[in-house]
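Coordinates from data_4.tsv are shown below (TSV, C-alpha atoms).
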```tsv
chain	number	residue	atom	x	y	z
A	167	MET	CA	-23.82	12.94	-19.08
A	168	ASP	CA	-27.06	11.05	-19.58
A	169	SER	CA	-27.20	8.63	-16.67
A	170	SER	CA	-29.06	6.06	-18.76
A	171	LYS	CA	-25.95	5.71	-20.91
A	172	VAL	CA	-23.74	4.92	-17.99
A	173	ILE	CA	-23.04	1.21	-17.92
A	174	ALA	CA	-22.20	-0.18	-14.53
A	175	ALA	CA	-18.65	-1.48	-14.26
A	176	GLU	CA	-20.03	-4.58	-12.58
A	177	THR	CA	-21.99	-5.43	-15.72
A	178	LEU	CA	-18.98	-5.17	-17.98
A	179	PHE	CA	-16.61	-6.84	-15.58
A	180	ASN	CA	-18.57	-9.96	-14.91
A	181	VAL	CA	-17.64	-12.74	-12.57
A	182	ASP	CA	-16.09	-14.94	-15.26
A	183	ASN	CA	-13.90	-12.13	-16.53
A	184	GLU	CA	-12.83	-11.39	-13.00
A	185	LYS	CA	-11.92	-15.01	-12.31
A	186	GLU	CA	-9.91	-15.14	-15.50
A	187	CYS	CA	-8.14	-11.89	-14.67
A	188	ILE	CA	-7.30	-13.13	-11.19
A	189	ALA	CA	-5.95	-16.42	-12.54
A	190	ARG	CA	-3.85	-14.59	-15.13
A	191	ALA	CA	-2.59	-12.08	-12.56
A	192	GLN	CA	-1.64	-15.01	-10.31
A	193	ARG	CA	0.53	-16.28	-13.16
A	194	GLY	CA	2.21	-12.87	-13.38
A	195	ASP	CA	0.16	-11.23	-16.13
A	196	GLN	CA	0.41	-7.47	-15.51
A	197	GLU	CA	-2.22	-6.63	-18.10
A	198	ALA	CA	-4.78	-8.74	-16.26
A	199	PHE	CA	-3.74	-7.11	-13.01
A	200	HIS	CA	-4.23	-3.70	-14.60
A	201	THR	CA	-7.80	-4.72	-15.47
A	202	LEU	CA	-8.40	-5.62	-11.83
A	203	TYR	CA	-6.88	-2.29	-10.81
A	204	GLU	CA	-9.14	-0.41	-13.21
A	205	ASN	CA	-12.17	-2.11	-11.77
A	206	TYR	CA	-11.37	-1.71	-8.10
A	207	HIS	CA	-9.01	1.20	-7.50
A	208	ARG	CA	-11.79	3.78	-7.01
A	209	ARG	CA	-13.36	1.70	-4.26
A	210	VAL	CA	-10.02	1.11	-2.59
A	211	TYR	CA	-9.19	4.79	-2.88
A	212	ALA	CA	-12.53	5.72	-1.28
A	213	LEU	CA	-11.75	3.40	1.62
A	214	CYS	CA	-8.24	4.86	2.03
A	215	TRP	CA	-9.51	8.41	1.75
A	216	ARG	CA	-12.22	7.96	4.37
A	217	MET	CA	-9.97	6.15	6.81
A	218	LEU	CA	-7.00	8.50	6.43
A	219	ALA	CA	-8.89	11.78	5.90
A	220	ASP	CA	-5.98	12.92	3.74
A	221	LYS	CA	-6.04	12.95	-0.06
A	222	ASP	CA	-2.29	12.63	-0.64
A	223	ALA	CA	-1.82	9.89	1.93
A	224	ALA	CA	-4.85	8.08	0.51
A	225	GLU	CA	-3.30	8.11	-2.97
A	226	ASP	CA	0.04	6.81	-1.68
A	227	VAL	CA	-1.59	4.09	0.41
A	228	CYS	CA	-3.89	3.10	-2.46
A	229	GLN	CA	-0.77	2.53	-4.57
A	230	GLU	CA	0.80	0.53	-1.77
A	231	VAL	CA	-2.34	-1.61	-1.56
A	232	PHE	CA	-2.14	-2.61	-5.21
A	233	VAL	CA	1.59	-3.27	-5.06
A	234	GLN	CA	1.02	-5.58	-2.10
A	235	VAL	CA	-2.02	-7.18	-3.73
A	236	TRP	CA	0.18	-7.97	-6.76
A	237	GLN	CA	2.61	-9.73	-4.44
A	238	LYS	CA	-0.07	-11.53	-2.46
A	239	ILE	CA	-2.56	-12.39	-5.18
A	240	SER	CA	-1.24	-15.94	-5.40
A	241	TYR	CA	-2.59	-16.43	-1.86
A	242	PHE	CA	-6.14	-15.57	-2.96
A	243	ARG	CA	-7.90	-18.94	-3.19
A	244	GLY	CA	-11.37	-17.76	-4.16
A	245	GLU	CA	-12.91	-18.76	-0.82
A	246	SER	CA	-14.40	-15.27	-0.50
A	247	LYS	CA	-15.29	-12.67	-3.09
A	248	PHE	CA	-12.23	-10.95	-4.53
A	249	SER	CA	-13.62	-7.55	-3.51
A	250	THR	CA	-13.97	-8.75	0.11
A	251	TRP	CA	-10.41	-10.05	0.15
A	252	LEU	CA	-9.12	-6.87	-1.49
A	253	HIS	CA	-10.89	-4.64	1.05
A	254	SER	CA	-9.53	-6.70	3.89
A	255	VAL	CA	-5.96	-6.34	2.52
A	256	ALA	CA	-6.55	-2.62	1.97
A	257	THR	CA	-7.94	-2.09	5.49
A	258	ASN	CA	-4.92	-3.79	7.05
A	259	ILE	CA	-2.51	-1.71	4.99
A	260	VAL	CA	-4.28	1.53	5.92
A	261	LEU	CA	-4.21	0.61	9.60
A	262	GLY	CA	-0.52	-0.30	9.32
A	263	HIS	CA	0.14	3.06	7.70
A	264	ILE	CA	-1.67	4.88	10.49
A	265	ARG	CA	0.31	2.98	13.15
A	266	LYS	CA	3.60	3.73	11.41
A	267	HIS	CA	2.88	7.44	11.24
A	268	LYS	CA	1.91	7.96	14.86
A	269	THR	CA	4.34	9.92	16.96
A	270	TRP	CA	5.98	8.15	19.87
A	271	ILE	CA	3.94	10.27	22.31
A	272	GLN	CA	0.70	9.21	20.62
A	273	ARG	CA	1.80	5.56	20.77
A	274	ILE	CA	2.77	5.62	24.42
A	275	PHE	CA	-0.11	7.64	25.80
A	276	SER	CA	-2.75	6.78	23.17
A	277	ILE	CA	-3.36	10.47	22.70
A	278	GLU	CA	-6.26	11.02	20.39
A	279	GLU	CA	-6.07	13.64	17.69
A	280	GLN	CA	-8.47	16.52	18.01
A	281	THR	CA	-11.23	16.91	15.49
A	282	VAL	CA	-10.02	18.45	12.26
A	283	GLN	CA	-11.85	21.63	11.43
A	284	GLU	CA	-10.39	22.91	8.15
A	285	VAL	CA	-10.57	19.89	5.91
A	286	ALA	CA	-12.38	19.47	2.63
A	287	VAL	CA	-13.35	23.13	2.36
A	288	ASP	CA	-12.18	23.25	-1.25
A	289	MET	CA	-13.78	19.98	-2.26
A	290	PRO	CA	-17.28	20.86	-3.44
A	291	GLU	CA	-17.83	17.51	-5.14
A	292	ILE	CA	-17.54	15.61	-1.86
A	293	PRO	CA	-20.86	14.81	-0.11
A	294	GLU	CA	-21.49	16.83	3.04
A	295	LEU	CA	-21.42	13.73	5.25
A	296	ASP	CA	-18.00	12.75	3.90
A	297	LYS	CA	-16.67	16.19	4.82
A	298	GLN	CA	-17.99	15.72	8.35
A	299	ILE	CA	-16.51	12.20	8.56
A	300	MET	CA	-13.10	13.70	7.76
A	301	LYS	CA	-13.44	15.99	10.78
A	302	LEU	CA	-14.03	13.13	13.23
A	303	PRO	CA	-11.26	12.22	15.70
A	304	GLU	CA	-9.18	9.37	14.31
A	305	ARG	CA	-10.51	6.44	16.33
A	306	ALA	CA	-14.14	7.50	15.99
A	307	ARG	CA	-13.61	8.00	12.26
A	308	LEU	CA	-11.98	4.59	11.78
A	309	VAL	CA	-14.71	2.80	13.69
A	310	PHE	CA	-17.44	4.72	11.89
A	311	VAL	CA	-16.02	4.06	8.42
A	312	LEU	CA	-15.36	0.39	9.11
A	313	PHE	CA	-18.75	-0.24	10.71
A	314	ALA	CA	-21.18	2.03	8.89
A	315	VAL	CA	-19.56	2.30	5.46
A	316	GLU	CA	-17.55	-0.90	5.05
A	317	GLY	CA	-19.89	-3.18	6.97
A	318	TYR	CA	-17.45	-4.78	9.42
A	319	ARG	CA	-18.78	-6.07	12.76
A	320	HIS	CA	-17.71	-4.47	16.03
A	321	GLU	CA	-15.90	-7.70	17.00
A	322	GLU	CA	-13.83	-7.51	13.83
A	323	ILE	CA	-13.16	-3.79	14.26
A	324	ALA	CA	-12.12	-4.29	17.88
A	325	GLN	CA	-9.59	-6.89	16.76
A	326	MET	CA	-8.26	-4.73	13.94
A	327	LEU	CA	-7.91	-1.65	16.10
A	328	ASN	CA	-6.74	-3.53	19.17
A	329	MET	CA	-9.55	-2.26	21.38
A	330	ALA	CA	-12.42	-3.76	23.37
A	331	VAL	CA	-15.67	-4.48	21.55
A	332	GLY	CA	-17.41	-2.05	23.92
A	333	SER	CA	-14.93	0.67	22.98
A	334	SER	CA	-15.67	0.12	19.31
A	335	LYS	CA	-19.38	0.51	19.99
A	336	ALA	CA	-18.76	3.59	22.14
A	337	GLN	CA	-16.62	5.18	19.43
A	338	TYR	CA	-19.33	4.49	16.88
A	339	HIS	CA	-21.98	6.19	19.04
A	340	ARG	CA	-19.62	9.08	19.63
A	341	ALA	CA	-19.05	9.43	15.88
A	342	LYS	CA	-22.76	9.29	15.15
A	343	GLY	CA	-23.45	11.93	17.79
A	344	LEU	CA	-20.82	14.28	16.42
A	345	LEU	CA	-21.98	13.76	12.85
A	346	ARG	CA	-25.62	14.40	13.72
A	347	ASP	CA	-24.65	17.60	15.54
A	348	TRP	CA	-22.47	18.81	12.68
A	349	VAL	CA	-24.95	17.94	9.93
A	350	GLU	CA	-27.69	19.74	11.87
A	351	ALA	CA	-25.47	22.76	12.35
A	352	GLU	CA	-24.72	22.88	8.62
A	353	SER	CA	-28.39	22.71	7.61
B	260	MET	CA	-34.45	20.16	14.25
B	261	LYS	CA	-32.64	17.05	15.47
B	262	LEU	CA	-31.31	14.78	12.72
B	263	SER	CA	-32.92	11.38	13.26
B	264	GLU	CA	-31.09	8.06	13.24
B	265	GLN	CA	-32.96	7.17	10.07
B	266	ASP	CA	-31.93	10.40	8.32
B	267	LEU	CA	-28.31	9.73	9.19
B	268	GLN	CA	-28.60	6.18	7.84
B	269	VAL	CA	-30.03	7.55	4.59
B	270	LYS	CA	-27.05	9.88	4.28
B	271	ILE	CA	-24.66	7.00	4.98
B	272	ASP	CA	-26.35	4.87	2.32
B	273	GLU	CA	-26.01	7.72	-0.15
B	274	LEU	CA	-22.24	7.94	0.29
B	275	PRO	CA	-20.46	7.05	-2.96
B	276	GLN	CA	-18.72	3.67	-2.92
B	277	GLU	CA	-16.13	4.91	-5.37
B	278	MET	CA	-13.94	8.00	-5.54
B	279	SER	CA	-11.41	8.91	-8.21
B	280	PRO	CA	-7.90	9.86	-7.16
B	281	GLU	CA	-6.67	13.10	-8.69
B	282	ARG	CA	-3.40	11.71	-10.01
B	283	ASP	CA	-2.64	8.63	-12.06
B	284	LEU	CA	-1.71	5.91	-9.58
B	285	TRP	CA	-1.10	3.10	-12.04
B	286	THR	CA	2.24	4.39	-13.37
B	287	GLY	CA	3.81	4.18	-9.92
B	288	ILE	CA	2.22	0.81	-9.22
B	289	GLU	CA	3.47	-0.56	-12.54
B	290	LYS	CA	7.03	0.55	-11.81
B	291	ALA	CA	6.92	-0.93	-8.33
B	292	ILE	CA	5.58	-4.29	-9.43
B	293	GLN	CA	8.14	-4.53	-12.21
B	294	ASN	CA	10.91	-3.94	-9.69
B	295	LYS	CA	9.41	-6.48	-7.31
B	296	THR	CA	9.07	-9.01	-10.14
B	297	GLN	CA	12.74	-8.59	-11.00
B	298	GLU	CA	13.81	-8.91	-7.36
B	299	SER	CA	11.63	-11.97	-6.94
B	300	ALA	CA	13.06	-13.62	-10.06
B	301	ASN	CA	16.59	-13.07	-8.75
B	302	ARG	CA	15.70	-14.59	-5.39
B	303	GLN	CA	13.74	-17.44	-6.90
B	304	GLY	CA	16.77	-19.21	-8.27
B	305	LYS	CA	18.52	-19.21	-4.90
B	306	ASN	CA	15.42	-20.34	-3.00
B	307	ILE	CA	14.64	-23.31	-5.20
B	308	ILE	CA	18.02	-25.02	-5.28
B	309	VAL	CA	18.23	-26.02	-1.60
B	310	PRO	CA	14.87	-27.85	-1.24
B	311	VAL	CA	15.28	-29.56	-4.59
B	312	ALA	CA	18.77	-30.72	-3.69
B	313	TRP	CA	17.34	-32.14	-0.47
B	314	ALA	CA	14.55	-33.90	-2.33
B	315	ALA	CA	16.92	-35.45	-4.84
B	316	SER	CA	19.32	-36.55	-2.08
B	317	VAL	CA	16.50	-38.22	-0.10
B	318	CYS	CA	15.36	-40.08	-3.22
B	319	LEU	CA	18.85	-41.32	-3.99
B	320	ALA	CA	19.52	-42.37	-0.40
B	321	VAL	CA	16.26	-44.36	-0.23
B	322	LEU	CA	16.96	-45.95	-3.57
B	323	MET	CA	20.47	-47.01	-2.65
B	324	THR	CA	19.22	-48.57	0.58
B	325	TRP	CA	16.38	-50.23	-1.22
B	326	GLY	CA	18.55	-51.58	-3.98
B	327	SER	CA	20.62	-53.60	-1.53
B	328	MET	CA	17.57	-55.08	0.25
B	329	THR	CA	14.90	-55.91	-2.31
B	330	PRO	CA	14.22	-59.26	-3.97
B	331	THR	CA	13.41	-59.37	-7.70
B	332	GLU	CA	10.03	-60.63	-8.84
B	333	ASP	CA	7.50	-59.59	-11.45
B	334	SER	CA	3.89	-58.71	-11.03
B	335	MET	CA	1.93	-57.44	-13.98
B	336	GLN	CA	-0.70	-55.88	-11.75
B	337	THR	CA	1.59	-53.58	-9.76
B	338	LEU	CA	3.76	-52.97	-12.78
B	339	SER	CA	0.67	-51.53	-14.35
B	340	VAL	CA	0.21	-49.24	-11.33
B	341	ALA	CA	3.72	-47.94	-11.91
B	342	SER	CA	2.94	-47.56	-15.60
B	343	VAL	CA	-0.22	-45.61	-14.81
B	344	LEU	CA	1.74	-43.36	-12.47
B	345	LYS	CA	4.36	-42.87	-15.15
B	346	GLU	CA	1.79	-42.00	-17.81
B	347	ASP	CA	-0.16	-39.69	-15.47
B	348	PHE	CA	3.02	-37.89	-14.60
B	349	ALA	CA	4.03	-37.47	-18.24
B	350	GLN	CA	0.60	-35.99	-18.96
B	351	GLN	CA	0.65	-33.65	-15.94
B	352	ARG	CA	4.15	-32.47	-16.79
B	353	GLN	CA	3.17	-31.81	-20.37
B	354	THR	CA	-0.01	-29.94	-19.33
B	355	LEU	CA	1.96	-27.87	-16.86
B	356	LEU	CA	4.58	-26.94	-19.43
B	357	VAL	CA	1.89	-26.05	-21.97
B	358	SER	CA	0.17	-23.86	-19.36
B	359	PHE	CA	3.40	-21.89	-19.10
B	360	GLY	CA	3.63	-21.55	-22.89
B	361	ALA	CA	5.76	-24.68	-23.52
B	362	PRO	CA	9.01	-23.04	-22.37
B	363	ASP	CA	12.34	-24.27	-23.65
B	364	ILE	CA	13.96	-26.03	-20.68
B	365	SER	CA	17.38	-25.82	-22.32
B	366	LYS	CA	17.17	-22.04	-21.87
B	367	LEU	CA	17.14	-22.39	-18.08
B	368	SER	CA	20.27	-21.46	-16.21
B	369	PRO	CA	22.78	-24.35	-15.87
B	370	GLU	CA	22.05	-24.52	-12.11
B	371	MET	CA	18.30	-24.90	-12.67
B	372	GLN	CA	18.87	-27.47	-15.40
B	373	ALA	CA	21.16	-29.45	-13.11
B	374	GLU	CA	18.51	-29.49	-10.35
B	375	LEU	CA	15.79	-30.51	-12.76
B	376	ASN	CA	18.04	-33.28	-14.13
B	377	LYS	CA	18.74	-34.54	-10.59
B	378	LEU	CA	15.01	-34.91	-9.94
B	379	ALA	CA	14.40	-36.54	-13.31
B	380	SER	CA	17.29	-38.90	-12.69
B	381	ALA	CA	15.91	-39.83	-9.25
B	382	ARG	CA	12.49	-40.47	-10.78
B	383	LYS	CA	13.95	-42.68	-13.50
B	384	SER	CA	15.93	-44.65	-10.93
B	385	ILE	CA	12.75	-45.30	-8.95
B	386	GLU	CA	10.93	-46.35	-12.10
B	387	LYS	CA	13.77	-48.75	-12.85
B	388	ALA	CA	13.70	-50.10	-9.30
B	389	LEU	CA	9.95	-50.68	-9.67
B	390	THR	CA	10.50	-52.94	-12.64
B	391	ASP	CA	12.51	-55.19	-10.28
B	392	ASP	CA	10.15	-54.86	-7.33
B	393	PRO	CA	6.81	-53.75	-8.74
B	394	GLU	CA	4.72	-54.64	-5.67
B	395	ASN	CA	6.60	-52.40	-3.37
B	396	ALA	CA	4.20	-49.82	-1.97
B	397	ASP	CA	7.00	-47.70	-0.52
B	398	LEU	CA	8.67	-47.42	-3.89
B	399	LEU	CA	5.36	-46.49	-5.49
B	400	ASN	CA	4.87	-43.80	-2.85
B	401	LEU	CA	8.40	-42.58	-3.39
B	402	LEU	CA	7.74	-42.39	-7.13
B	403	ARG	CA	4.59	-40.33	-6.51
B	404	TRP	CA	6.46	-38.04	-4.17
B	405	THR	CA	9.37	-37.56	-6.57
B	406	GLN	CA	7.03	-36.88	-9.46
B	407	GLN	CA	5.26	-34.26	-7.36
B	408	GLN	CA	8.60	-32.67	-6.45
B	409	GLU	CA	9.45	-32.43	-10.13
B	410	LEU	CA	6.06	-30.87	-10.97
B	411	ASP	CA	6.38	-28.41	-8.08
B	412	PHE	CA	9.86	-27.49	-9.23
B	413	ILE	CA	8.69	-26.81	-12.77
B	414	GLU	CA	5.81	-24.74	-11.41
B	415	LYS	CA	8.19	-22.74	-9.24
B	416	LEU	CA	10.51	-22.18	-12.16
B	417	TYR	CA	7.91	-20.77	-14.48
B	418	SER	CA	5.22	-19.22	-12.29
B	419	PRO	CA	5.90	-16.10	-10.23
B	420	GLN	CA	6.53	-16.71	-6.55
B	421	TRP	CA	5.95	-13.73	-4.31
B	422	GLN	CA	7.35	-13.21	-0.90
B	423	SER	CA	4.75	-12.47	1.73
B	424	ILE	CA	4.90	-9.08	3.31
```

Could you spell out this file's structure in structure tokens?
Amino acid sequence: MDSSKVIAAETLFNVDNEKECIARAQRGDQEAFHTLYENYHRRVYALCWRMLADKDAAEDVCQEVFVQVWQKISYFRGESKFSTWLHSVATNIVLGHIRKHKTWIQRIFSIEEQTVQEVAVDMPEIPELDKQIMKLPERARLVFVLFAVEGYRHEEIAQMLNMAVGSSKAQYHRAKGLLRDWVEAES
Amino acid sequence: MKLSEQDLQVKIDELPQEMSPERDLWTGIEKAIQNKTQESANRQGKNIIVPVAWAASVCLAVLMTWGSMTPTEDSMQTLSVASVLKEDFAQQRQTLLVSFGAPDISKLSPEMQAELNKLASARKSIEKALTDDPENADLLNLLRWTQQQELDFIEKLYSPQWQSI
């Protein structure tokens, strides 16, 4: 497709339209909510996919995010951008999902998963760095995605992941180191 | 060759912000939110009755007490305050109902209608009491509060209320 013909979603879905859709969705209008979904679900899915490193789980959690957003949208007061609020809801739901799916041994002893080696082999459309991110150990991956991709501060990440700020920074440096090694090895 | 910090940052910046899921997620979301809407509507009726009953009871109790204690005298100035409150309320109520598509209140369940009537009755009693004691600030405050209860009740009846998760 000719890239010049691609119109950015942001242009079509301007701020006024978004405000109107939010207001209508807050009054229970499912059509307006569907418009919001159409505009944002790819970004939410990308967040879920990177944090969970699992396509199927990311799809399920992405659905859960929008179901919960539908229930909570009346609490959105417009004090922040809708996208910021949505990402914050999505991040919390993903983290809740991860906590729920940990085994009791992992919970008690905080055992970290090993790096995943066989992921994303059959996904040629995914950027090389994304494939490497999927291989990171869980904590390093979460910190890396939240800090480097989603733009959260280490203080915020530490609170979300229930860890010290220093640990968040250490995990980020660990992730960067692993990624640099792996990207070098690939090239 | 060692990948520099800058090179890594470039790769991070190049990561796509959006990804498309392979399957259609909306169908499942739509089903789920329809179920939740139905559940919420069922719960809504039960949740509204208790606070409204309390509000109406408080109004009536205050009015009965007040009725036995207040002298009767007229004041055009404060009467006009009550009139302004009354007119403002009528306008707000009308605007609110229009915003919900001017619903037919007679189609509400008998329980909801009874609660709404209790509040309206309390409001009218306060308005009547104000004609006898128009300077009374407490009565004016009570009228404001009752009017607000009635508006909140209408809003709860016709706008979706979602439980927090």

For the atom pair atom CA of A:Asp220 and atom CA of A:Arg208, what is the interatomic distance in Å to one decimal place?
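Going from atom CA of A:Asp220 over to atom CA of A:Arg208 covers 15.3 Å.
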
Inset, instruction - Write out as a list in words which residues come within 9 Å of B:Ala379 when counting all atoms listed in the file, dropping same-chain ones fewer than 2 positions away. - result: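 Non-adjacent residues within range: Ala315, Glu374, Leu375, Asn376, Lys377, Ala381, Arg382, Lys383, Ser384, Thr405, Gln406 and Glu409 of chain B.
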
Output as a ChimeraX atom specification the set of chain B residues within 10 Å of chain A, with distances taken over all atoms listed in the file.
/B:260-264,266-268,270-293,295-296,299,358-359,417-424

inquiry  = Need the shell around B:Asp397: protein/DNA/RNA residues with any atom at most 12 Å away, counting only C-alpha atoms. Skip same-chain ones fewer than 3 positions apart. Format as an MDAnalysis selection string?
reply    = chainID B and resid 318 321:322 325 329 341 385 388:389 392:394 400:404

How would the residues just picked look written out with C-alpha atoms as a PDB file, in the coordinates of the input?
```
ATOM      1  CA  CYS B 318      15.360 -40.080  -3.220  1.00  0.00           C
ATOM      2  CA  VAL B 321      16.260 -44.360  -0.230  1.00  0.00           C
ATOM      3  CA  LEU B 322      16.960 -45.950  -3.570  1.00  0.00           C
ATOM      4  CA  TRP B 325      16.380 -50.230  -1.220  1.00  0.00           C
ATOM      5  CA  THR B 329      14.900 -55.910  -2.310  1.00  0.00           C
ATOM      6  CA  ALA B 341       3.720 -47.940 -11.910  1.00  0.00           C
ATOM      7  CA  ILE B 385      12.750 -45.300  -8.950  1.00  0.00           C
ATOM      8  CA  ALA B 388      13.700 -50.100  -9.300  1.00  0.00           C
ATOM      9  CA  LEU B 389       9.950 -50.680  -9.670  1.00  0.00           C
ATOM     10  CA  ASP B 392      10.150 -54.860  -7.330  1.00  0.00           C
ATOM     11  CA  PRO B 393       6.810 -53.750  -8.740  1.00  0.00           C
ATOM     12  CA  GLU B 394       4.720 -54.640  -5.670  1.00  0.00           C
ATOM     13  CA  ASN B 400       4.870 -43.800  -2.850  1.00  0.00           C
ATOM     14  CA  LEU B 401       8.400 -42.580  -3.390  1.00  0.00           C
ATOM     15  CA  LEU B 402       7.740 -42.390  -7.130  1.00  0.00           C
ATOM     16  CA  ARG B 403       4.590 -40.330  -6.510  1.00  0.00           C
ATOM     17  CA  TRP B 404       6.460 -38.040  -4.170  1.00  0.00           C
TER      18      TRP B 404
END
```

Measure the distance from atom CA of B:Phe348 to atom CA of B:Leu367 in Å and round it to one decimal.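 Distance reported for this atom pair: 21.3 Å.
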
Counting only C-alpha atoms, which residue out of A:Lys301, A:Arg307, A:Arg190, A:Lys185 sits closest to A:Ser249?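 Counting only C-alpha atoms, the residue closest to A:Ser249 is A:Lys185.
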
Report, in Å with one decimal, the straight-line distance from atom CA of B:Val343 to atom CA of B:Glu414.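 Interatomic distance here is 22.0 Å.
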
Contact residues around B:Gln408 with only C-alpha atoms at 8 Å, ignoring same-chain residues under 5 positions, as a short mmCIF file (atom, residue, chain, number, x, y, z; two decimals) with C-alpha atoms, keeping the file's coordinate frame:
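Output contents, as saved in result.cif:
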```
data_model
loop_
_atom_site.label_atom_id
_atom_site.label_comp_id
_atom_site.auth_asym_id
_atom_site.auth_seq_id
_atom_site.Cartn_x
_atom_site.Cartn_y
_atom_site.Cartn_z
CA VAL B 311 15.28 -29.56 -4.59
CA ALA B 314 14.55 -33.90 -2.33
CA LEU B 378 15.01 -34.91 -9.94
#
```

Using the file's own x, y and z axes, so that the box edges lie along x, y and z, what centre and edge lengths in Å (one decimal) does a box around every listed atom of stretch 362-379 of chain B get when 5 Å is added on each side? Give it as AutoDock Vina command-line options.
```
--center_x 15.9 --center_y -29.0 --center_z -16.8 --size_x 23.8 --size_y 25.1 --size_z 23.7
```
